[in-house]
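File shown: structure_0.txt (compact mmCIF, C-alpha atoms).
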```txt
# COMPACT_ATOMS: atom_id res chain seq x y z
CA MET J 29 -65.86 -121.10 57.72
CA ALA J 30 -68.20 -119.49 55.39
CA VAL J 31 -68.16 -120.64 51.86
CA ILE J 32 -66.98 -117.91 49.60
CA LYS J 33 -69.64 -117.45 47.11
CA LYS J 34 -68.34 -117.22 43.63
CA LYS J 35 -69.58 -114.06 42.12
CA LYS J 36 -70.28 -114.36 38.49
CA ASP J 37 -67.71 -112.23 36.72
CA LYS J 38 -69.48 -109.91 34.40
CA SER J 39 -66.54 -107.62 33.44
CA LEU J 40 -64.52 -108.44 30.34
CA PRO J 41 -61.77 -111.00 30.84
CA ALA J 42 -58.24 -109.65 30.66
CA VAL J 43 -56.59 -109.93 27.28
CA ASN J 44 -54.16 -112.78 27.21
CA THR J 45 -50.74 -111.22 26.85
CA SER J 46 -48.67 -114.33 27.31
CA ALA J 47 -47.65 -114.25 23.64
CA LEU J 48 -46.50 -110.65 23.82
CA PRO J 49 -42.90 -111.47 24.78
CA ASP J 50 -42.70 -113.82 21.81
CA ILE J 51 -43.82 -111.11 19.44
CA VAL J 52 -41.43 -108.57 20.88
CA PHE J 53 -38.55 -111.02 20.81
CA MET J 54 -39.30 -111.72 17.18
CA LEU J 55 -39.08 -108.01 16.42
CA LEU J 56 -35.91 -107.78 18.45
CA PHE J 57 -34.23 -110.58 16.53
CA PHE J 58 -35.29 -109.02 13.27
CA PHE J 59 -33.62 -105.76 14.19
CA MET J 60 -30.53 -107.50 15.52
CA VAL J 61 -30.06 -109.29 12.22
CA ALA J 62 -31.10 -106.58 9.80
CA THR J 63 -29.24 -103.61 11.20
CA VAL J 64 -25.69 -102.70 11.99
CA MET J 65 -24.24 -100.70 14.83
CA ARG J 66 -23.87 -97.02 14.18
CA GLU J 67 -20.11 -96.70 13.93
CA VAL J 68 -19.49 -93.06 14.43
CA ASP J 69 -21.11 -89.83 15.33
CA LEU J 70 -21.16 -87.88 12.10
CA LYS J 71 -19.77 -84.39 12.44
CA VAL J 72 -19.96 -83.52 8.79
CA THR J 73 -23.01 -83.42 6.57
CA VAL J 74 -22.88 -86.19 4.02
CA ASN J 75 -25.39 -86.13 1.23
CA LYS J 76 -24.17 -89.02 -0.85
CA PRO J 77 -24.03 -88.79 -4.65
CA GLN J 78 -26.20 -91.01 -6.78
CA ALA J 79 -25.04 -93.80 -9.02
CA THR J 80 -26.47 -96.90 -10.63
CA GLU J 81 -23.42 -99.13 -11.04
CA ILE J 82 -23.02 -99.74 -7.35
CA GLN J 83 -21.85 -102.78 -5.50
CA LYS J 84 -22.62 -103.80 -1.99
CA LEU J 85 -19.78 -103.82 0.49
CA GLU J 86 -20.03 -107.37 1.70
CA ARG J 87 -17.93 -107.67 4.80
CA LYS J 88 -18.23 -104.83 7.22
CA SER J 89 -15.06 -105.82 9.05
CA LEU J 90 -12.98 -105.08 5.95
CA VAL J 91 -14.30 -101.60 5.43
CA THR J 92 -12.80 -98.42 6.82
CA TYR J 93 -14.61 -95.15 6.39
CA ILE J 94 -13.42 -91.69 5.54
CA TYR J 95 -15.98 -88.93 5.71
CA ALA J 96 -15.76 -85.61 3.95
CA GLY J 97 -18.17 -82.72 3.91
CA ALA J 98 -19.04 -79.38 5.42
CA PRO J 99 -19.14 -79.44 9.24
CA ARG J 100 -22.59 -79.66 10.80
CA VAL J 101 -24.23 -76.45 11.94
CA LYS J 102 -23.31 -76.90 15.60
CA TYR J 103 -19.63 -77.27 14.74
CA GLN J 104 -19.52 -74.40 12.30
CA ASP J 105 -18.50 -71.78 14.89
CA LYS J 106 -15.39 -73.72 15.61
CA PHE J 107 -14.50 -75.33 12.32
CA GLY J 108 -15.98 -73.07 9.69
CA ARG J 109 -18.05 -74.09 6.74
CA SER J 110 -15.49 -75.35 4.27
CA PRO J 111 -15.50 -79.12 3.75
CA ARG J 112 -13.37 -81.13 6.12
CA VAL J 113 -12.29 -84.71 6.63
CA GLN J 114 -13.60 -86.80 9.49
CA LEU J 115 -11.88 -89.96 10.69
CA ASN J 116 -13.59 -91.99 13.40
CA ASP J 117 -15.20 -89.48 15.72
CA ALA J 118 -13.09 -86.44 15.13
CA PHE J 119 -12.20 -83.91 12.50
CA ALA J 120 -8.84 -84.63 10.97
CA SER J 121 -6.33 -83.10 8.67
CA LEU J 122 -5.04 -84.75 5.53
CA ASP J 123 -1.81 -85.69 7.28
CA ASP J 124 -3.76 -87.83 9.73
CA ILE J 125 -5.02 -90.15 7.02
CA GLN J 126 -1.84 -92.16 6.59
CA PRO J 127 -1.37 -92.99 10.29
CA PHE J 128 -5.09 -93.73 10.49
CA VAL J 129 -4.93 -96.23 7.63
CA ILE J 130 -1.84 -97.90 9.07
CA GLN J 131 -3.46 -98.16 12.48
CA GLU J 132 -6.64 -99.63 11.00
CA ARG J 133 -4.61 -102.11 9.03
CA GLU J 134 -2.71 -103.28 12.07
CA GLN J 135 -5.94 -104.11 13.82
CA LYS J 136 -6.88 -106.55 11.11
CA SER J 137 -5.49 -109.99 10.48
CA GLU J 138 -2.91 -110.32 7.74
CA GLU J 139 -5.22 -111.71 5.10
CA ASP J 140 -7.92 -109.21 5.92
CA ALA J 141 -5.48 -106.33 5.70
CA ALA J 142 -4.83 -107.14 2.06
CA MET J 143 -8.55 -106.98 1.34
CA MET J 144 -9.15 -103.77 3.23
CA THR J 145 -11.47 -101.38 1.43
CA MET J 146 -11.56 -97.67 2.07
CA SER J 147 -15.04 -96.29 1.72
CA ILE J 148 -15.08 -92.61 0.88
CA LYS J 149 -18.30 -91.11 2.13
CA ALA J 150 -18.30 -87.62 0.81
CA ASP J 151 -20.94 -85.02 0.21
CA LYS J 152 -21.74 -84.49 -3.44
CA THR J 153 -20.98 -80.79 -3.23
CA VAL J 154 -17.42 -81.35 -2.02
CA LYS J 155 -14.87 -80.19 -4.57
CA MET J 156 -12.65 -82.77 -6.20
CA GLY J 157 -9.57 -80.97 -4.89
CA LEU J 158 -10.19 -82.38 -1.42
CA ILE J 159 -11.09 -85.82 -2.73
CA THR J 160 -7.95 -85.90 -4.83
CA ASP J 161 -5.87 -85.01 -1.78
CA ILE J 162 -7.52 -87.84 0.16
CA LYS J 163 -6.85 -90.24 -2.68
CA LEU J 164 -3.22 -89.22 -2.82
CA GLN J 165 -2.86 -89.91 0.91
CA LEU J 166 -4.50 -93.29 0.47
CA ARG J 167 -2.14 -94.13 -2.35
CA LYS J 168 0.80 -93.18 -0.16
CA ALA J 169 -0.58 -95.43 2.58
CA GLN J 170 -0.94 -98.28 0.11
CA ALA J 171 -4.69 -98.47 0.61
CA LEU J 172 -5.65 -98.90 -3.00
CA LYS J 173 -9.06 -100.49 -2.84
CA ILE J 174 -11.58 -97.73 -2.53
CA ASN J 175 -15.28 -97.36 -2.81
CA TYR J 176 -17.14 -94.16 -3.60
CA SER J 177 -20.16 -94.50 -1.37
CA SER J 178 -23.30 -93.61 -3.27
CA ASN J 179 -27.03 -94.17 -3.30
CA GLN J 180 -29.20 -95.86 -5.84
CA PRO J 181 -31.43 -93.16 -7.34
CA LYS J 182 -35.18 -93.71 -7.06
CA ASN J 183 -35.57 -93.13 -10.76
CA VAL J 184 -32.78 -93.07 -13.27
CA GLU J 185 -34.02 -89.87 -14.89
CA ALA J 186 -33.03 -87.95 -11.79
CA LEU J 187 -29.43 -88.89 -12.45
CA TYR J 188 -29.28 -86.79 -15.58
CA SER J 189 -31.13 -83.74 -14.41
CA SER J 190 -28.84 -80.78 -13.94
CA GLU J 191 -29.71 -79.90 -10.36
CA ASN J 192 -28.31 -83.05 -8.79
CA MET M 217 -49.58 -139.27 44.76
CA ALA M 218 -50.21 -136.99 47.59
CA ARG M 219 -46.53 -136.20 47.99
CA ASN M 220 -46.19 -134.74 44.55
CA LYS M 221 -48.87 -132.27 45.25
CA ARG M 222 -46.41 -129.53 46.06
CA ALA M 223 -45.58 -128.48 42.49
CA ILE M 224 -42.94 -125.94 41.64
CA PRO M 225 -44.64 -122.58 41.28
CA GLU M 226 -44.72 -121.15 37.79
CA ILE M 227 -42.18 -118.44 37.07
CA ASN M 228 -43.82 -115.10 36.61
CA ALA M 229 -43.16 -114.12 33.01
CA GLY M 230 -45.20 -110.97 33.11
CA SER M 231 -42.20 -108.67 32.87
CA MET M 232 -40.59 -110.62 30.07
CA ALA M 233 -42.24 -108.34 27.55
CA ASP M 234 -40.84 -105.28 29.30
CA ILE M 235 -37.34 -106.66 29.13
CA ALA M 236 -37.70 -107.55 25.48
CA PHE M 237 -39.09 -104.10 24.70
CA LEU M 238 -36.16 -102.52 26.43
CA LEU M 239 -33.71 -104.50 24.33
CA LEU M 240 -35.69 -103.77 21.20
CA ILE M 241 -35.61 -100.04 21.81
CA PHE M 242 -31.90 -100.20 22.52
CA TYR M 243 -31.32 -101.83 19.15
CA LEU M 244 -33.60 -99.38 17.39
CA VAL M 245 -31.61 -96.46 18.73
CA THR M 246 -28.05 -97.70 18.34
CA THR M 247 -28.18 -99.34 14.93
CA THR M 248 -28.73 -98.19 11.40
CA MET M 249 -30.44 -99.91 8.53
CA ASP M 250 -28.53 -98.46 5.62
CA THR M 251 -26.30 -100.87 3.81
CA ASP M 252 -23.16 -99.56 2.30
CA LYS M 253 -23.08 -99.39 -1.42
CA GLY M 254 -20.87 -97.62 -3.85
CA ILE M 255 -18.69 -97.71 -6.91
CA ASN M 256 -15.61 -99.86 -6.39
CA ARG M 257 -12.40 -98.49 -7.82
CA LYS M 258 -8.75 -99.25 -7.57
CA LEU M 259 -6.12 -96.57 -7.15
CA PRO M 260 -2.78 -96.75 -8.87
CA PRO M 261 0.13 -97.38 -6.48
CA TYR M 262 2.03 -94.32 -5.40
CA ASP M 263 5.44 -93.87 -6.89
CA GLU M 264 7.86 -91.22 -5.67
CA GLU M 265 9.51 -90.55 -8.97
CA LEU M 266 7.17 -90.04 -11.85
CA VAL M 267 7.40 -92.46 -14.70
CA GLU M 268 9.58 -90.76 -17.28
CA ASP M 269 8.12 -92.19 -20.43
CA PRO M 270 4.66 -93.57 -20.16
CA PRO M 271 4.12 -96.32 -22.71
CA PRO M 272 3.03 -94.76 -25.98
CA ILE M 273 -0.65 -95.11 -26.78
CA LYS M 274 -2.03 -94.14 -30.11
CA GLU M 275 -4.22 -91.06 -30.04
CA ARG M 276 -7.10 -92.97 -31.59
CA ASN M 277 -7.10 -95.44 -28.71
CA ILE M 278 -7.62 -92.78 -26.08
CA PHE M 279 -11.07 -91.55 -25.16
CA THR M 280 -10.57 -88.29 -23.34
CA VAL M 281 -13.15 -87.11 -20.88
CA LEU M 282 -12.57 -83.72 -19.32
CA VAL M 283 -14.71 -82.20 -16.61
CA ASN M 284 -14.24 -78.55 -15.76
CA SER M 285 -14.96 -76.68 -12.54
CA ASN M 286 -18.47 -75.84 -13.73
CA ASP M 287 -19.23 -79.55 -14.04
CA GLN M 288 -19.29 -79.38 -17.82
CA LEU M 289 -18.11 -82.26 -19.93
CA LEU M 290 -15.73 -82.20 -22.87
CA VAL M 291 -15.52 -85.57 -24.53
CA GLU M 292 -13.18 -86.05 -27.48
CA ASP M 293 -13.09 -82.25 -28.02
CA GLU M 294 -16.84 -82.10 -28.05
CA TYR M 295 -19.22 -80.55 -25.55
CA LEU M 296 -21.48 -83.31 -24.24
CA GLN M 297 -24.31 -83.85 -21.77
CA ILE M 298 -23.86 -86.48 -19.10
CA SER M 299 -26.82 -88.44 -20.51
CA GLU M 300 -24.97 -88.87 -23.81
CA LEU M 301 -21.70 -90.02 -22.30
CA ARG M 302 -22.54 -93.70 -21.93
CA ALA M 303 -23.53 -94.23 -25.56
CA LYS M 304 -20.49 -92.30 -26.74
CA ALA M 305 -18.14 -94.35 -24.58
CA MET M 306 -19.72 -97.62 -25.71
CA GLU M 307 -19.33 -96.57 -29.32
CA PHE M 308 -15.66 -95.89 -28.71
CA ILE M 309 -14.88 -99.12 -26.85
CA ASP M 310 -16.86 -101.25 -29.26
CA ASN M 311 -15.47 -99.58 -32.39
CA ASN M 312 -13.15 -102.44 -33.43
CA GLY M 313 -11.05 -100.40 -35.86
CA ASP M 314 -8.55 -103.15 -36.71
CA GLY M 315 -11.19 -105.88 -36.98
CA SER M 316 -9.51 -108.19 -34.46
CA CYS M 317 -12.47 -108.27 -32.11
CA GLU M 318 -15.01 -110.82 -33.20
CA HIS M 319 -17.78 -110.02 -30.76
CA CYS M 320 -17.72 -106.27 -31.37
CA GLN M 321 -20.47 -104.56 -33.28
CA GLY M 322 -18.80 -101.19 -33.74
CA TYR M 323 -18.66 -99.06 -36.87
CA LYS M 324 -14.91 -99.62 -37.49
CA ILE M 325 -14.27 -95.91 -37.77
CA SER M 326 -10.62 -95.20 -38.52
CA THR M 327 -10.34 -92.41 -35.95
CA SER M 328 -11.75 -94.42 -33.06
CA SER M 329 -10.28 -97.32 -31.05
CA ASP M 330 -8.58 -100.39 -32.53
CA ASN M 331 -10.21 -102.96 -30.24
CA PRO M 332 -11.58 -103.11 -26.68
CA ASP M 333 -8.27 -104.38 -25.38
CA LYS M 334 -6.41 -101.32 -26.61
CA ALA M 335 -9.09 -98.76 -25.87
CA VAL M 336 -8.33 -96.59 -22.87
CA VAL M 337 -10.72 -94.16 -21.27
CA SER M 338 -8.85 -91.21 -19.88
CA LEU M 339 -10.63 -89.09 -17.30
CA GLN M 340 -9.38 -85.75 -16.12
CA ASN M 341 -11.19 -83.37 -13.86
CA ASP M 342 -10.55 -79.99 -12.33
CA ARG M 343 -9.94 -79.47 -8.63
CA GLY M 344 -13.12 -77.44 -8.67
CA THR M 345 -15.29 -80.21 -10.09
CA SER M 346 -17.95 -81.31 -7.65
CA TYR M 347 -17.69 -84.80 -6.24
CA GLY M 348 -21.27 -85.53 -7.28
CA MET M 349 -20.41 -84.85 -10.90
CA TYR M 350 -17.25 -86.92 -10.68
CA VAL M 351 -19.17 -89.92 -9.36
CA LYS M 352 -21.75 -89.47 -12.11
CA VAL M 353 -19.08 -89.50 -14.79
CA GLN M 354 -17.40 -92.53 -13.23
CA ASN M 355 -20.78 -94.20 -13.06
CA GLU M 356 -21.47 -93.62 -16.74
CA LEU M 357 -18.05 -94.91 -17.78
CA VAL M 358 -18.40 -98.05 -15.65
CA ALA M 359 -21.94 -98.47 -16.96
CA ALA M 360 -20.67 -98.35 -20.54
CA TYR M 361 -18.39 -101.32 -19.85
CA GLU M 362 -21.08 -103.14 -17.90
CA ASP M 363 -23.59 -102.70 -20.73
CA LEU M 364 -21.12 -104.10 -23.27
CA ARG M 365 -20.37 -107.04 -21.02
CA GLU M 366 -24.06 -107.61 -20.51
CA ARG M 367 -24.62 -107.71 -24.26
CA TYR M 368 -21.71 -110.10 -24.72
CA ALA M 369 -23.00 -112.40 -21.97
CA GLN M 370 -26.46 -112.45 -23.48
CA GLU M 371 -25.15 -113.31 -26.91
CA LYS M 372 -22.57 -115.85 -25.95
CA PHE M 373 -24.09 -117.52 -22.91
CA GLY M 374 -27.69 -116.45 -23.11
CA ARG M 375 -27.54 -115.28 -19.52
CA SER M 376 -27.52 -112.01 -17.72
CA TYR M 377 -24.07 -110.83 -16.70
CA ARG M 378 -25.37 -108.84 -13.76
CA GLY M 379 -27.12 -111.85 -12.26
CA MET M 380 -24.06 -114.10 -12.23
CA ASP M 381 -22.58 -115.45 -9.07
CA VAL M 382 -18.98 -114.56 -8.26
CA GLU M 383 -18.10 -118.08 -7.14
CA GLU M 384 -20.24 -120.25 -9.39
CA ASP M 385 -19.61 -118.50 -12.67
CA LYS M 386 -15.99 -117.64 -12.06
CA GLU M 387 -14.77 -118.84 -15.45
CA ILE M 388 -17.57 -117.21 -17.41
CA LEU M 389 -17.06 -113.91 -15.62
CA LYS M 390 -13.37 -114.10 -16.33
CA GLU M 391 -14.03 -114.56 -20.01
CA ILE M 392 -16.51 -111.73 -20.16
CA LYS M 393 -14.13 -109.41 -18.39
CA LEU M 394 -11.41 -110.39 -20.83
CA ALA M 395 -13.68 -109.61 -23.77
CA TYR M 396 -14.21 -106.07 -22.51
CA PRO M 397 -11.40 -105.21 -20.09
CA GLN M 398 -12.17 -102.12 -18.08
CA LYS M 399 -9.48 -99.55 -18.71
CA ILE M 400 -10.23 -96.26 -17.09
CA SER M 401 -7.26 -94.08 -16.35
CA GLU M 402 -7.34 -90.97 -14.25
CA ALA M 403 -5.00 -88.09 -14.83
CA GLU M 404 -3.90 -85.66 -12.16
CA PRO M 405 -6.59 -83.01 -11.86
CA LEU M 406 -6.11 -79.58 -13.31
CA ASN M 407 -6.35 -76.47 -11.23
CA ILE M 408 -7.84 -73.80 -13.40
CA GLY M 409 -11.15 -72.80 -11.92
CA GLY M 410 -10.45 -74.03 -8.38
```
In structure tokens, how does this file's structure come out?
Amino acid sequence: MAVIKKKKDKSLPAVNTSALPDIVFMLLFFFMVATVMREVDLKVTVNKPQATEIQKLERKSLVTYIYAGAPRVKYQDKFGRSPRVQLNDAFASLDDIQPFVIQEREQKSEEDAAMMTMSIKADKTVKMGLITDIKLQLRKAQALKINYSSNQPKNVEALYSSEN
Amino acid sequence: MARNKRAIPEINAGSMADIAFLLLIFYLVTTTMDTDKGINRKLPPYDEELVEDPPPIKERNIFTVLVNSNDQLLVEDEYLQISELRAKAMEFIDNNGDGSCEHCQGYKISTSSDNPDKAVVSLQNDRGTSYGMYVKVQNELVAAYEDLRERYAQEKFGRSYRGMDVEEDKEILKEIKLAYPQKISEAEPLNIGG
């Protein structure tokens, strides 16, 4: 058998990628920890109001969301442009709020149910009439802890300017 | 020695990165970063029959804030900008008209509130008020209380109220909250310019 002559390799050696999985896994774990699952598919536009005295909602499992705002452009043919309420993945009427709250409460354990917080995510252009109606329904459903979802403004001056 | 020569072949980990990338992209697409923040409030319980006689509160102890459908403010019968609301509310809460509040630094005006415990902020808006404006007003009123509490905490404990821990400083927080109890009442909205 002929001896295979080792040719001297003159091309560049391949980059060692054995650490690549480690790097990617690190990124993966970062995202797993730092983010939360997208709960619903938003059908209404929600441009949250701005506020400075805001508190973080600590436990996601205690929070139930109610969305309010004008329907998105692709739903406007069907649902019009006036602000509507969205519960879970569908548009809802005000009468649906009470059963929705009761159903959400039943899914939680007894001690959690008492701590349940309703987060109202409404567009800042929505009129208070709708919000008041939502609040009345929540009061009727005995869901009294609420949270007006808002963003921290980038600079406080913006809070007082008239256009916002 | 010679028997051990047949070593277990190394597992090919070349596609490990692909798998990890796949998972990473899945997480990037299905999750969101935004944390939920907002102003916490408590609603009054619903009662079928309206309370006949609400407990009488002296006119001087009520700080009326009205917001109309054009998002304009009327505070204590005076047209006000939103930027002025916080200072005005703090002045009212901190007034200390009857002199019973030792930590207050108010002007003791006879037409303003007796003490922080009796002072009530009454907010009424129109059904046509925008939600953005409503949150802004709520924010300013809450901020007025928070600023007073902050001042009290600095003076009495030499610490920042906002930096306190809910569990560790339970007693201190309780005391601060008692010094300036938050009393914001909301009336049924009007329907004038709806």
Do a neighbour search on Lys352 of chain M at 12 Å with all atoms listed in the file, toss out local chain neighbours closer than 2 positions, and write the hits as a PDB file with C-alpha atoms, keeping the file's coordinate frame.
```
ATOM      1  CA  LYS J  76     -24.170 -89.020  -0.850  1.00  0.00           C
ATOM      2  CA  PRO J  77     -24.030 -88.790  -4.650  1.00  0.00           C
ATOM      3  CA  GLN J  78     -26.200 -91.010  -6.780  1.00  0.00           C
ATOM      4  CA  ALA J  79     -25.040 -93.800  -9.020  1.00  0.00           C
ATOM      5  CA  THR J  80     -26.470 -96.900 -10.630  1.00  0.00           C
ATOM      6  CA  GLU J  81     -23.420 -99.130 -11.040  1.00  0.00           C
ATOM      7  CA  ILE J  82     -23.020 -99.740  -7.350  1.00  0.00           C
ATOM      8  CA  LYS J 152     -21.740 -84.490  -3.440  1.00  0.00           C
ATOM      9  CA  TYR J 176     -17.140 -94.160  -3.600  1.00  0.00           C
ATOM     10  CA  SER J 177     -20.160 -94.500  -1.370  1.00  0.00           C
ATOM     11  CA  SER J 178     -23.300 -93.610  -3.270  1.00  0.00           C
ATOM     12  CA  ASN J 179     -27.030 -94.170  -3.300  1.00  0.00           C
ATOM     13  CA  GLN J 180     -29.200 -95.860  -5.840  1.00  0.00           C
ATOM     14  CA  PRO J 181     -31.430 -93.160  -7.340  1.00  0.00           C
ATOM     15  CA  VAL J 184     -32.780 -93.070 -13.270  1.00  0.00           C
ATOM     16  CA  ALA J 186     -33.030 -87.950 -11.790  1.00  0.00           C
ATOM     17  CA  LEU J 187     -29.430 -88.890 -12.450  1.00  0.00           C
ATOM     18  CA  TYR J 188     -29.280 -86.790 -15.580  1.00  0.00           C
ATOM     19  CA  SER J 189     -31.130 -83.740 -14.410  1.00  0.00           C
ATOM     20  CA  SER J 190     -28.840 -80.780 -13.940  1.00  0.00           C
ATOM     21  CA  ASN J 192     -28.310 -83.050  -8.790  1.00  0.00           C
TER      22      ASN J 192
ATOM     23  CA  GLY M 254     -20.870 -97.620  -3.850  1.00  0.00           C
ATOM     24  CA  ILE M 255     -18.690 -97.710  -6.910  1.00  0.00           C
ATOM     25  CA  VAL M 283     -14.710 -82.200 -16.610  1.00  0.00           C
ATOM     26  CA  ASP M 287     -19.230 -79.550 -14.040  1.00  0.00           C
ATOM     27  CA  GLN M 288     -19.290 -79.380 -17.820  1.00  0.00           C
ATOM     28  CA  LEU M 289     -18.110 -82.260 -19.930  1.00  0.00           C
ATOM     29  CA  GLN M 297     -24.310 -83.850 -21.770  1.00  0.00           C
ATOM     30  CA  ILE M 298     -23.860 -86.480 -19.100  1.00  0.00           C
ATOM     31  CA  SER M 299     -26.820 -88.440 -20.510  1.00  0.00           C
ATOM     32  CA  LEU M 301     -21.700 -90.020 -22.300  1.00  0.00           C
ATOM     33  CA  ARG M 302     -22.540 -93.700 -21.930  1.00  0.00           C
ATOM     34  CA  THR M 345     -15.290 -80.210 -10.090  1.00  0.00           C
ATOM     35  CA  SER M 346     -17.950 -81.310  -7.650  1.00  0.00           C
ATOM     36  CA  TYR M 347     -17.690 -84.800  -6.240  1.00  0.00           C
ATOM     37  CA  GLY M 348     -21.270 -85.530  -7.280  1.00  0.00           C
ATOM     38  CA  MET M 349     -20.410 -84.850 -10.900  1.00  0.00           C
ATOM     39  CA  TYR M 350     -17.250 -86.920 -10.680  1.00  0.00           C
ATOM     40  CA  GLN M 354     -17.400 -92.530 -13.230  1.00  0.00           C
ATOM     41  CA  ASN M 355     -20.780 -94.200 -13.060  1.00  0.00           C
ATOM     42  CA  GLU M 356     -21.470 -93.620 -16.740  1.00  0.00           C
ATOM     43  CA  LEU M 357     -18.050 -94.910 -17.780  1.00  0.00           C
ATOM     44  CA  VAL M 358     -18.400 -98.050 -15.650  1.00  0.00           C
ATOM     45  CA  ALA M 359     -21.940 -98.470 -16.960  1.00  0.00           C
TER      46      ALA M 359
END
```
Checklist entry - When distances are computed from only C-alpha atoms, which of J:Met146, J:Met156, J:Val61, J:Ala171 shows the smallest separation from chain M? => result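 Among J:Met146, J:Met156, J:Val61, J:Ala171, it is J:Met156 that comes nearest to chain M.
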Item to check | Expected answer as an MDAnalysis selection string: chain M residues within 8 Å of chain J, all atoms listed in the file | outcome: chainID M and resid 229:230 232:234 236:237 239:240 243:244 246:262 298:299 341:352 355 358:359 405 410
Item to check | Length of the atom CA of Ile400 of chain M to atom CA of Asn331 of chain M vector [Å] | outcome: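 Between atom CA of Ile400 of chain M and atom CA of Asn331 of chain M the gap works out to 14.8 Å.
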Checklist entry - Mind pulling up the distance from atom CA of Ile309 of chain M to atom CA of Ala360 of chain M? => result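 About the pair atom CA of Ala360 of chain M and atom CA of Ile309 of chain M: they are 8.6 Å apart.
Put simply, atom CA of Thr280 of chain M is 6.1 Å away from atom CA of Leu339 of chain M.
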How big is the axis-aligned box around all listed atoms of segment 374-380 of chain M once 3 Å goes on each side, and where's its centre, in Å to one decimal, as lines of an AutoDock Vina configuration file?
```
center_x = -25.9
center_y = -112.6
center_z = -17.7
size_x = 9.6
size_y = 13.6
size_z = 16.9
```
Checklist entry - Got a sec: who's within 10 Å of Lys393 of chain M, counting all atoms listed in the file, leaving out chain neighbours fewer than 5 positions off, as a list in words? => result Tyr361, Glu362, Arg365, Tyr368, Glu387, Ile388 and Gln398 of chain M
Item to check | Point (-10.5, -89.0, -35.7), cut-off 10 Å, counting all atoms listed in the file, residues as number ranges by chain | outcome: M: 275-276, 292, 325-329
Checklist entry - So which residues are close to (-13.9, -104.9, -27.8), meaning at most 7 Å away in the file's coordinates with only C-alpha atoms counted, and can you show them as a list in words? => result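 Applying the cut-off with only C-alpha atoms, one gets Ile309, Asp310, Asn312, Cys317, Cys320, Asn331, Pro332, Asp333, Ala395 and Tyr396 of chain M.
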